[in-house]
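*Asks:* This is the structure I have questions about; it appears just below.
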There are 2 protein chains.
Amino acid sequence: MKPLESIFNARSVAVVGASANHEKTGHIILKNIIEGGFEGKIYPVNPKAGEILGLPCYPSVTAINDSVDVVLIVVPSKFVPDVMEEAGKKGVTGAVVISGGFGEIGNGELEKQILDIAKKYGMRIIGPNCQGFNYTPNRLCASWPLVTKSGPIAVISQSGTVGAAIEMWAQEAEIGISCFVSLGNKVDVNEIDLIDVFKEDPNTKVISLYIEGVQNGARFMKSVRSAREKKPIVVLKPGTTPKGARAVQSHTRSIAGNDEIFDAVCRQVGITRAKSITELFDYSLALGFLGKPKGNRVLIITSSGGSGIIATDVAEQGGIDVVDLPAELLAELKGALPPQCVVANPLDLTGDATAERYRIAAGIAARCDSIDSLLLIFGDPIPGASEVVGELKEKTEKQIIVAYLGGGDIEEEETIKLNRSGTPVFPTPERAVGALKVLLS
Amino acid sequence: MKPLESIFNARSVAVVGASANHEKTGHIILKNIIEGGFEGKIYPVNPKAGEILGLPCYPSVTAINDSVDVVLIVVPSKFVPDVMEEAGKKGVTGAVVISGGFGEIGNGELEKQILDIAKKYGMRIIGPNCQGFNYTPNRLCASWPLVTKSGPIAVISQSGTVGAAIEMWAQEAEIGISCFVSLGNKVDVNEIDLIDVFKEDPNTKVISLYIEGVQNGARFMKSVRSAREKKPIVVLKPGTTPKGARAVQSHTRSIAGNDEIFDAVCRQVGITRAKSITELFDYSLALGFLGKPKGNRVLIITSSGGSGIIATDVAEQGGIDVVDLPAELLAELKGALPPQCVVANPLDLTGDATAERYRIAAGIAARCDSIDSLLLIFGDPIPGASEVVGELKEKTEKQIIVAYLGGGDIEEEETIKLNRSGTPVFPTPERAVGALKVLLS
């Protein structure tokens, strides 16, 4: 295993700067590693404490009578080189430097110093000035907030907050993440290295990127091209306005660069570009779970007339064809559905629709060659919605996109069931259509 | 009290078509009225049942030995006129016809019939083909799903689902609604009547509309103009594409009309137009809770550099000035904040920011005349965020817009506290900036 993979698969970690003060990062990280269920060894390092969170403290990395794979460093920046030296001598593979006080405040010299130490000992550095990492297959949440739900999304982020938000949403939806890596100042490990790792990671189906700049455009394109043969990549890159670009430089000393060029690169290498954090999440779900429909003809099936209209508008505006249904299909649907249903596209099963009515309508539509995807919008408390979708996926190769809203407790239950079974649920018709548009692009 | 107000303030209600089958609307409505905590009298009507949900059943409305203010009608459409006659004779004020099978399936004759009966007896009709209503000050959830959280948003919707979604989101955020009225086919009561009611309702601070068409443009404009003197109105009106407009006609027999004209009308009478269900919710929060900043100069204060950049881009693209800070303010902030902070706009307090650091920064900025509003983005678990905002609101007349993301359990706690205290929290920087843009428009 290469050093970078070893960081994620660590069997023993040390938290240098572990703290008993529950407001300190050195406490929160240690707590999250323990509560996240990490099954390897955990060594808090703090010369002034005897025990933290029930674990005995060590005065230094050197004092640990065991091998250590990863050191998580939370001490003030001036002490980081010494910790790195100790770690290097001990044969540590990876240093995750959470501490700030490096390049971001103009202290490039200190950054060079820790990089030199890492090179000397063959260590990799994540950070500095970062929010750690979380690799759920190893139950190692060396970051915050505590997120433990395992799933297919690898989040690589130059913003700890954006990454954490995606993690949280994925956890709440019971979709989960494979990993979150906070890039920080990228003194060593950058997004390219991580794309190279997570393209091979069997737990990852989609790579979700937040970056503020790309240092090596040619290498970036090469890595992405290779990764794209295996899995989709979604990117959010701000700094598109002059003041945004200026803020990028203050934040991570990155150069936002010409946005049109970046956009062209994305199109050329097949990266999906998100324009907001919400889109970064939605597109990651769509591309991580769903396939590309054979064409752009969609049938919208809903219990909510209003939602059907909204979806129609957004789809048509986005170049998706809310296709006129062939006469035979209309006749078959009319024969099978109660008279109050509006048999057209959108197909309005009306507010008293049950799961059975969706089953009938979608079952008939699934056999029609004039339709490439089905957008199912559940707009009422409809128990059994998840079963209908499950059965439908067995029967058809058409893509099934699901929105659920206005359904109270039943909606919450069915949404979780659908997400768990690999059909992501979008909370509005607009966001579901946005996902479909990305699948088609 | 006028008949329409009496519906919302009913002291006794009958559910005609009450059912023991928990999947039927006639069961769900009865259950929600009971579980919502309605303190008036509740009479299930069903000639075949002895008791439902612990309440004795009556064979007909006539058989109820008490006055009845409102009948909720869930029986098949052909029986509705008889029920209306009985209700009229009994002196009922309002009939809420949930049953479908009227104009929406071409049965305009039946619609005319129930309208004639209502006129004869001076009754008002909500519906038919609707999802009932929910008036939280009277704890009367004669609708679904069950939503009980009282708050300042009046939701008037031609789509039950869109209304229910707004209700649910408002409840989850602990913001709440004053009412939800599902318009259905609008045979009698329409959005204009309801705007007239809710502009006077002391429990309502903002009116949130979903409509598919306006029958009487002149009256609509007159009502809205009068209402706008008292409170803001947000509208979502789809049918903007040809296929969307066609779907509008199928759904509620409404005429979507020329969208550019509707847009011009909105601008003229001061209605804020939302382009999605999410915007309908966000803008209702913004206008229901926040005021108009004196100008378009915003200072972004955040613990998340990335979120600050994203907010900067979206603000600048939307014509909001992420203003260059005056030298004196920069100097004062630099003197008061630790060296790792990026003292600029966005003002990056960095990932180790505490509530105290926000208190210091925002407190200084609040005194600066070159800033009209403060966008506070909390991007980490920051306990005490709600207290900082509360204190700040006491000190300054600048508008405070808040986003919170990536903060785990602390985020959830602080978000609820902020929402409860009247500062709505947006879940992303983009949505917070969208809210600010609407306040400025």
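Naming works like this for the structure tokens: A, B, ... for the chains as they're shown, residue 1 at the start of each chain, ligands 1 onward in shown order.
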Mind listing as an mmCIF file with C-alpha atoms, in the first residue's frame which residues of chain A are within 6 Å of chain B, counting only C-alpha atoms?
*Replies:*
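Everything below was put into part28.cif:
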```cif
data_model
loop_
_atom_site.group_PDB
_atom_site.id
_atom_site.type_symbol
_atom_site.label_atom_id
_atom_site.label_comp_id
_atom_site.auth_asym_id
_atom_site.auth_seq_id
_atom_site.Cartn_x
_atom_site.Cartn_y
_atom_site.Cartn_z
ATOM 1 C CA PRO A 145 -18.314 17.013 12.747
ATOM 2 C CA SER A 159 -13.033 24.086 2.296
ATOM 3 C CA THR A 161 -17.050 23.559 5.790
ATOM 4 C CA ALA A 164 -18.544 18.867 6.210
ATOM 5 C CA ALA A 165 -21.864 20.120 4.832
ATOM 6 C CA PRO A 238 -15.820 29.442 -6.945
ATOM 7 C CA THR A 241 -16.151 37.147 -9.905
ATOM 8 C CA GLY A 244 -14.489 36.167 -5.359
ATOM 9 C CA ALA A 247 -11.039 36.138 -1.698
ATOM 10 C CA HIS A 251 -8.182 31.993 1.715
ATOM 11 C CA SER A 304 -49.304 16.361 -7.376
ATOM 12 C CA GLY A 305 -50.571 18.311 -10.354
ATOM 13 C CA GLY A 306 -48.651 21.391 -9.263
ATOM 14 C CA ILE A 309 -46.312 21.483 -13.881
ATOM 15 C CA ILE A 310 -43.229 22.805 -12.104
ATOM 16 C CA THR A 312 -42.480 20.301 -16.833
ATOM 17 C CA ASP A 313 -41.409 23.938 -16.915
ATOM 18 C CA GLY A 379 -46.512 14.498 -3.525
ATOM 19 C CA LEU A 405 -42.345 16.223 -0.944
ATOM 20 C CA GLY A 406 -45.367 17.180 1.136
ATOM 21 C CA GLY A 408 -45.146 14.113 6.292
#
```
*Asks:* Residues of segment 84-132 of chain B in strand (DSSP E) according to DSSP, as a VMD selection string?
*Replies:* chain B and resid 94 to 97 124 to 126 132
*Asks:* How would the residues just picked look written out with C-alpha atoms as a compact mmCIF listing (two decimals), in the first residue's frame?
*Replies:*
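Saved to selection-v3.txt:
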```txt
# COMPACT_ATOMS: atom_id res chain seq x y z
CA GLY B 94 -68.38 26.87 5.62
CA ALA B 95 -68.07 23.76 3.48
CA VAL B 96 -64.61 22.48 2.75
CA VAL B 97 -65.01 20.07 -0.16
CA ARG B 124 -68.65 29.68 1.72
CA ILE B 125 -66.94 26.81 -0.09
CA ILE B 126 -63.23 25.97 -0.02
CA GLY B 132 -58.45 21.19 3.21
```
*Asks:* Please report the interatomic distance between atom CA of Ile28 of chain B and atom CA of Ala87 of chain B in Å with one decimal.
*Replies:*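 Those two atoms sit 21.8 Å apart.
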*Asks:* According to DSSP computed on the backbone, where in segment 114-277 of chain A is there alpha helix (DSSP H)? Give the residues as a PyMOL selection string.
*Replies:* chain A and resi 114-121+160-172+191-198+217-228+242-252+259-269+277
*Asks:* Within 8 Å of Pro326 of chain B, counting only C-alpha atoms, which residues show up once you throw out same-chain ones fewer than 3 positions away? Write them as number ranges by chain, please.
*Replies:* B: 329-330, 370
*Asks:* How would the residues just chosen look if you wrote them out with N, CA and C atoms as a short mmCIF file (atom, residue, chain, number, x, y, z; two decimals), in the first residue's frame?
*Replies:*
```
data_model
loop_
_atom_site.label_atom_id
_atom_site.label_comp_id
_atom_site.auth_asym_id
_atom_site.auth_seq_id
_atom_site.Cartn_x
_atom_site.Cartn_y
_atom_site.Cartn_z
N LEU B 329 -11.87 50.83 9.72
CA LEU B 329 -12.52 49.60 10.14
C LEU B 329 -11.54 48.43 10.07
N LEU B 330 -10.78 48.37 8.97
CA LEU B 330 -9.78 47.31 8.82
C LEU B 330 -8.80 47.34 10.00
N SER B 370 -20.41 52.36 6.58
CA SER B 370 -20.23 51.95 5.18
C SER B 370 -20.82 50.58 4.89
#
```
*Asks:* For Lys393 of chain B, please output as a PyMOL selection string all residues within 12 Å (counting only C-alpha atoms; exclusion window: fewer than 5 positions along the same chain).
*Replies:* chain B and resi 290-291+359+362-363+366+373-374+386-388+398-402+418+421-423
*Asks:* For the selection just defined, write its residues with N, CA, C and O atoms to a file, as a tab-separated table (two decimals), in the first residue's frame.
*Replies:*
```tsv
chain	number	residue	atom	x	y	z
B	290	LEU	N	-37.28	39.56	8.19
B	290	LEU	CA	-36.22	40.56	8.08
B	290	LEU	C	-36.72	41.81	7.39
B	290	LEU	O	-37.76	41.79	6.72
B	291	GLY	N	-36.00	42.89	7.55
B	291	GLY	CA	-36.39	44.16	6.93
B	291	GLY	C	-35.49	44.50	5.76
B	291	GLY	O	-34.54	43.77	5.45
B	359	ARG	N	-18.64	37.70	17.96
B	359	ARG	CA	-19.18	38.81	18.74
B	359	ARG	C	-18.31	40.06	18.57
B	359	ARG	O	-18.82	41.16	18.33
B	362	ALA	N	-18.40	41.23	14.61
B	362	ALA	CA	-19.69	41.79	14.20
B	362	ALA	C	-20.01	43.04	15.00
B	362	ALA	O	-20.59	44.00	14.48
B	363	GLY	N	-19.58	43.07	16.26
B	363	GLY	CA	-19.81	44.23	17.11
B	363	GLY	C	-19.11	45.46	16.55
B	363	GLY	O	-19.67	46.56	16.50
B	366	ALA	N	-20.74	46.46	13.17
B	366	ALA	CA	-22.09	47.02	13.32
B	366	ALA	C	-22.06	48.54	13.47
B	366	ALA	O	-23.02	49.22	13.16
B	373	SER	N	-25.66	45.72	5.64
B	373	SER	CA	-26.13	44.45	6.21
B	373	SER	C	-24.94	43.54	6.50
B	373	SER	O	-23.87	43.69	5.91
B	374	LEU	N	-25.16	42.62	7.43
B	374	LEU	CA	-24.13	41.66	7.81
B	374	LEU	C	-24.61	40.27	7.46
B	374	LEU	O	-25.71	39.87	7.86
B	386	SER	N	-26.23	31.65	18.33
B	386	SER	CA	-27.55	32.29	18.45
B	386	SER	C	-27.50	33.48	19.41
B	386	SER	O	-28.16	34.49	19.19
B	387	GLU	N	-26.71	33.36	20.48
B	387	GLU	CA	-26.62	34.48	21.43
B	387	GLU	C	-25.95	35.70	20.80
B	387	GLU	O	-26.37	36.83	21.02
B	388	VAL	N	-24.91	35.43	20.02
B	388	VAL	CA	-24.22	36.53	19.34
B	388	VAL	C	-25.20	37.29	18.45
B	388	VAL	O	-25.26	38.52	18.46
B	398	LYS	N	-28.84	47.44	11.26
B	398	LYS	CA	-28.45	46.75	10.03
B	398	LYS	C	-29.16	45.40	9.98
B	398	LYS	O	-29.43	44.80	11.02
B	399	GLN	N	-29.45	44.91	8.79
B	399	GLN	CA	-30.05	43.59	8.68
B	399	GLN	C	-28.99	42.51	8.90
B	399	GLN	O	-27.86	42.64	8.41
B	400	ILE	N	-29.37	41.47	9.63
B	400	ILE	CA	-28.47	40.35	9.91
B	400	ILE	C	-29.03	39.13	9.19
B	400	ILE	O	-30.14	38.67	9.50
B	401	ILE	N	-28.29	38.63	8.22
B	401	ILE	CA	-28.72	37.42	7.50
B	401	ILE	C	-27.77	36.29	7.92
B	401	ILE	O	-26.56	36.49	7.97
B	402	VAL	N	-28.34	35.13	8.22
B	402	VAL	CA	-27.52	34.05	8.79
B	402	VAL	C	-27.59	32.78	7.94
B	402	VAL	O	-28.67	32.35	7.53
B	418	LEU	N	-32.01	30.01	16.71
B	418	LEU	CA	-32.08	31.23	15.88
B	418	LEU	C	-33.46	31.34	15.23
B	418	LEU	O	-34.08	32.40	15.25
B	421	SER	N	-36.03	32.43	17.61
B	421	SER	CA	-35.89	33.82	18.07
B	421	SER	C	-36.18	34.81	16.95
B	421	SER	O	-36.00	36.02	17.14
B	422	GLY	N	-36.59	34.32	15.79
B	422	GLY	CA	-36.99	35.24	14.73
B	422	GLY	C	-35.89	35.59	13.73
B	422	GLY	O	-36.06	36.50	12.94
B	423	THR	N	-34.77	34.87	13.79
B	423	THR	CA	-33.75	35.04	12.75
B	423	THR	C	-33.70	33.76	11.93
B	423	THR	O	-33.21	32.74	12.41
```
*Asks:* Would you mind listing what lies within 8 Å of Asn138 of chain B as a ChimeraX atom specification, with only C-alpha atoms counted and same-chain residues fewer than 4 positions away left out?
*Replies:* /B:8-10,38-39
*Asks:* Take the residues from that selection and write them out as a CSV table (one decimal), in the first residue's frame, keeping N, CA, C and O atoms.
*Replies:*
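What ended up in again-v6.csv:
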```
chain,number,residue,atom,x,y,z
B,8,PHE,N,-62.0,29.5,9.6
B,8,PHE,CA,-60.7,29.2,10.3
B,8,PHE,C,-60.8,29.2,11.8
B,8,PHE,O,-60.1,28.5,12.5
B,9,ASN,N,-61.8,30.0,12.3
B,9,ASN,CA,-62.0,30.1,13.7
B,9,ASN,C,-63.1,29.2,14.2
B,9,ASN,O,-63.6,29.4,15.3
B,10,ALA,N,-63.4,28.2,13.5
B,10,ALA,CA,-64.6,27.3,13.8
B,10,ALA,C,-64.4,26.7,15.3
B,10,ALA,O,-63.3,26.5,15.8
B,38,PHE,N,-57.2,20.2,18.3
B,38,PHE,CA,-58.3,21.1,18.2
B,38,PHE,C,-59.2,21.0,19.4
B,38,PHE,O,-59.5,19.9,19.9
B,39,GLU,N,-59.5,22.2,20.0
B,39,GLU,CA,-60.2,22.2,21.3
B,39,GLU,C,-61.7,22.4,21.1
B,39,GLU,O,-62.4,22.4,22.1
```
*Asks:* Could you state the separation of atom CA of Met1 of chain A and atom CA of Ile175 of chain A in Å, given to one decimal place?
*Replies:*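 Atom CA of Ile175 of chain A lies 27.8 Å from atom CA of Met1 of chain A.
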*Asks:* If you count only C-alpha atoms, which residues fall within 8 Å of Pro81 of chain B, apart from same-chain ones fewer than 5 positions away, as a list of chain:residue names?
*Replies:*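 My list of contacting residues is B:Leu110, B:Gln113, B:Ile114, B:Ile117.
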*Asks:* Only all heavy atoms, please: the residues just picked out, written as a CSV table (one decimal), in the first residue's frame.
*Replies:*
```
chain,number,residue,atom,x,y,z
B,110,LEU,N,-71.9,19.9,-11.7
B,110,LEU,CA,-71.9,19.6,-10.3
B,110,LEU,C,-71.3,20.7,-9.5
B,110,LEU,O,-71.8,21.0,-8.4
B,110,LEU,CB,-71.1,18.3,-10.1
B,110,LEU,CG,-71.4,17.6,-8.7
B,110,LEU,CD1,-72.8,17.1,-8.6
B,110,LEU,CD2,-70.5,16.3,-8.7
B,113,GLN,N,-73.9,23.4,-9.2
B,113,GLN,CA,-74.9,23.0,-8.3
B,113,GLN,C,-74.5,23.3,-6.8
B,113,GLN,O,-75.3,23.8,-6.0
B,113,GLN,CB,-75.1,21.5,-8.5
B,113,GLN,CG,-76.5,21.0,-8.1
B,113,GLN,CD,-76.6,19.4,-8.3
B,113,GLN,OE1,-75.9,18.9,-9.2
B,113,GLN,NE2,-77.4,18.8,-7.5
B,114,ILE,N,-73.3,22.9,-6.4
B,114,ILE,CA,-72.9,23.1,-5.0
B,114,ILE,C,-72.7,24.6,-4.7
B,114,ILE,O,-73.0,25.1,-3.6
B,114,ILE,CB,-71.7,22.3,-4.6
B,114,ILE,CG1,-70.4,22.7,-5.4
B,114,ILE,CG2,-71.9,20.8,-4.7
B,114,ILE,CD1,-69.1,22.1,-4.7
B,117,ILE,N,-76.2,26.0,-4.0
B,117,ILE,CA,-76.6,25.7,-2.7
B,117,ILE,C,-75.9,26.6,-1.7
B,117,ILE,O,-76.6,27.1,-0.8
B,117,ILE,CB,-76.3,24.2,-2.4
B,117,ILE,CG1,-77.1,23.3,-3.4
B,117,ILE,CG2,-76.7,23.8,-0.9
B,117,ILE,CD1,-76.7,21.8,-3.4
```
*Asks:* Give me the residues within 7 Å of Leu30 of chain B as an MDAnalysis selection string, counting only C-alpha atoms and dropping any in the same chain fewer than 3 places off.
*Replies:* chainID B and resid 15 18 26:27 33:34
*Asks:* Save the residues we just selected, C-alpha atoms, as a JSON list (two decimals), in the first residue's frame?
*Replies:*
```json
[["chain", "number", "residue", "atom", "x", "y", "z"],
["B", 15, "VAL", "CA", -66.09, 15.31, 8.99],
["B", 18, "ALA", "CA", -65.13, 9.92, 8.19],
["B", 26, "GLY", "CA", -61.75, 10.52, 5.71],
["B", 27, "HIS", "CA", -59.66, 8.89, 8.42],
["B", 33, "ILE", "CA", -57.90, 17.30, 13.64],
["B", 34, "ILE", "CA", -57.80, 15.23, 16.84]]
```
*Asks:* So the first atom is atom CA of Lys2 of chain A and the second is atom CA of Asn190 of chain A; what is the distance between them in Å, to one decimal place?
*Replies:*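 A separation of 15.3 Å between them.
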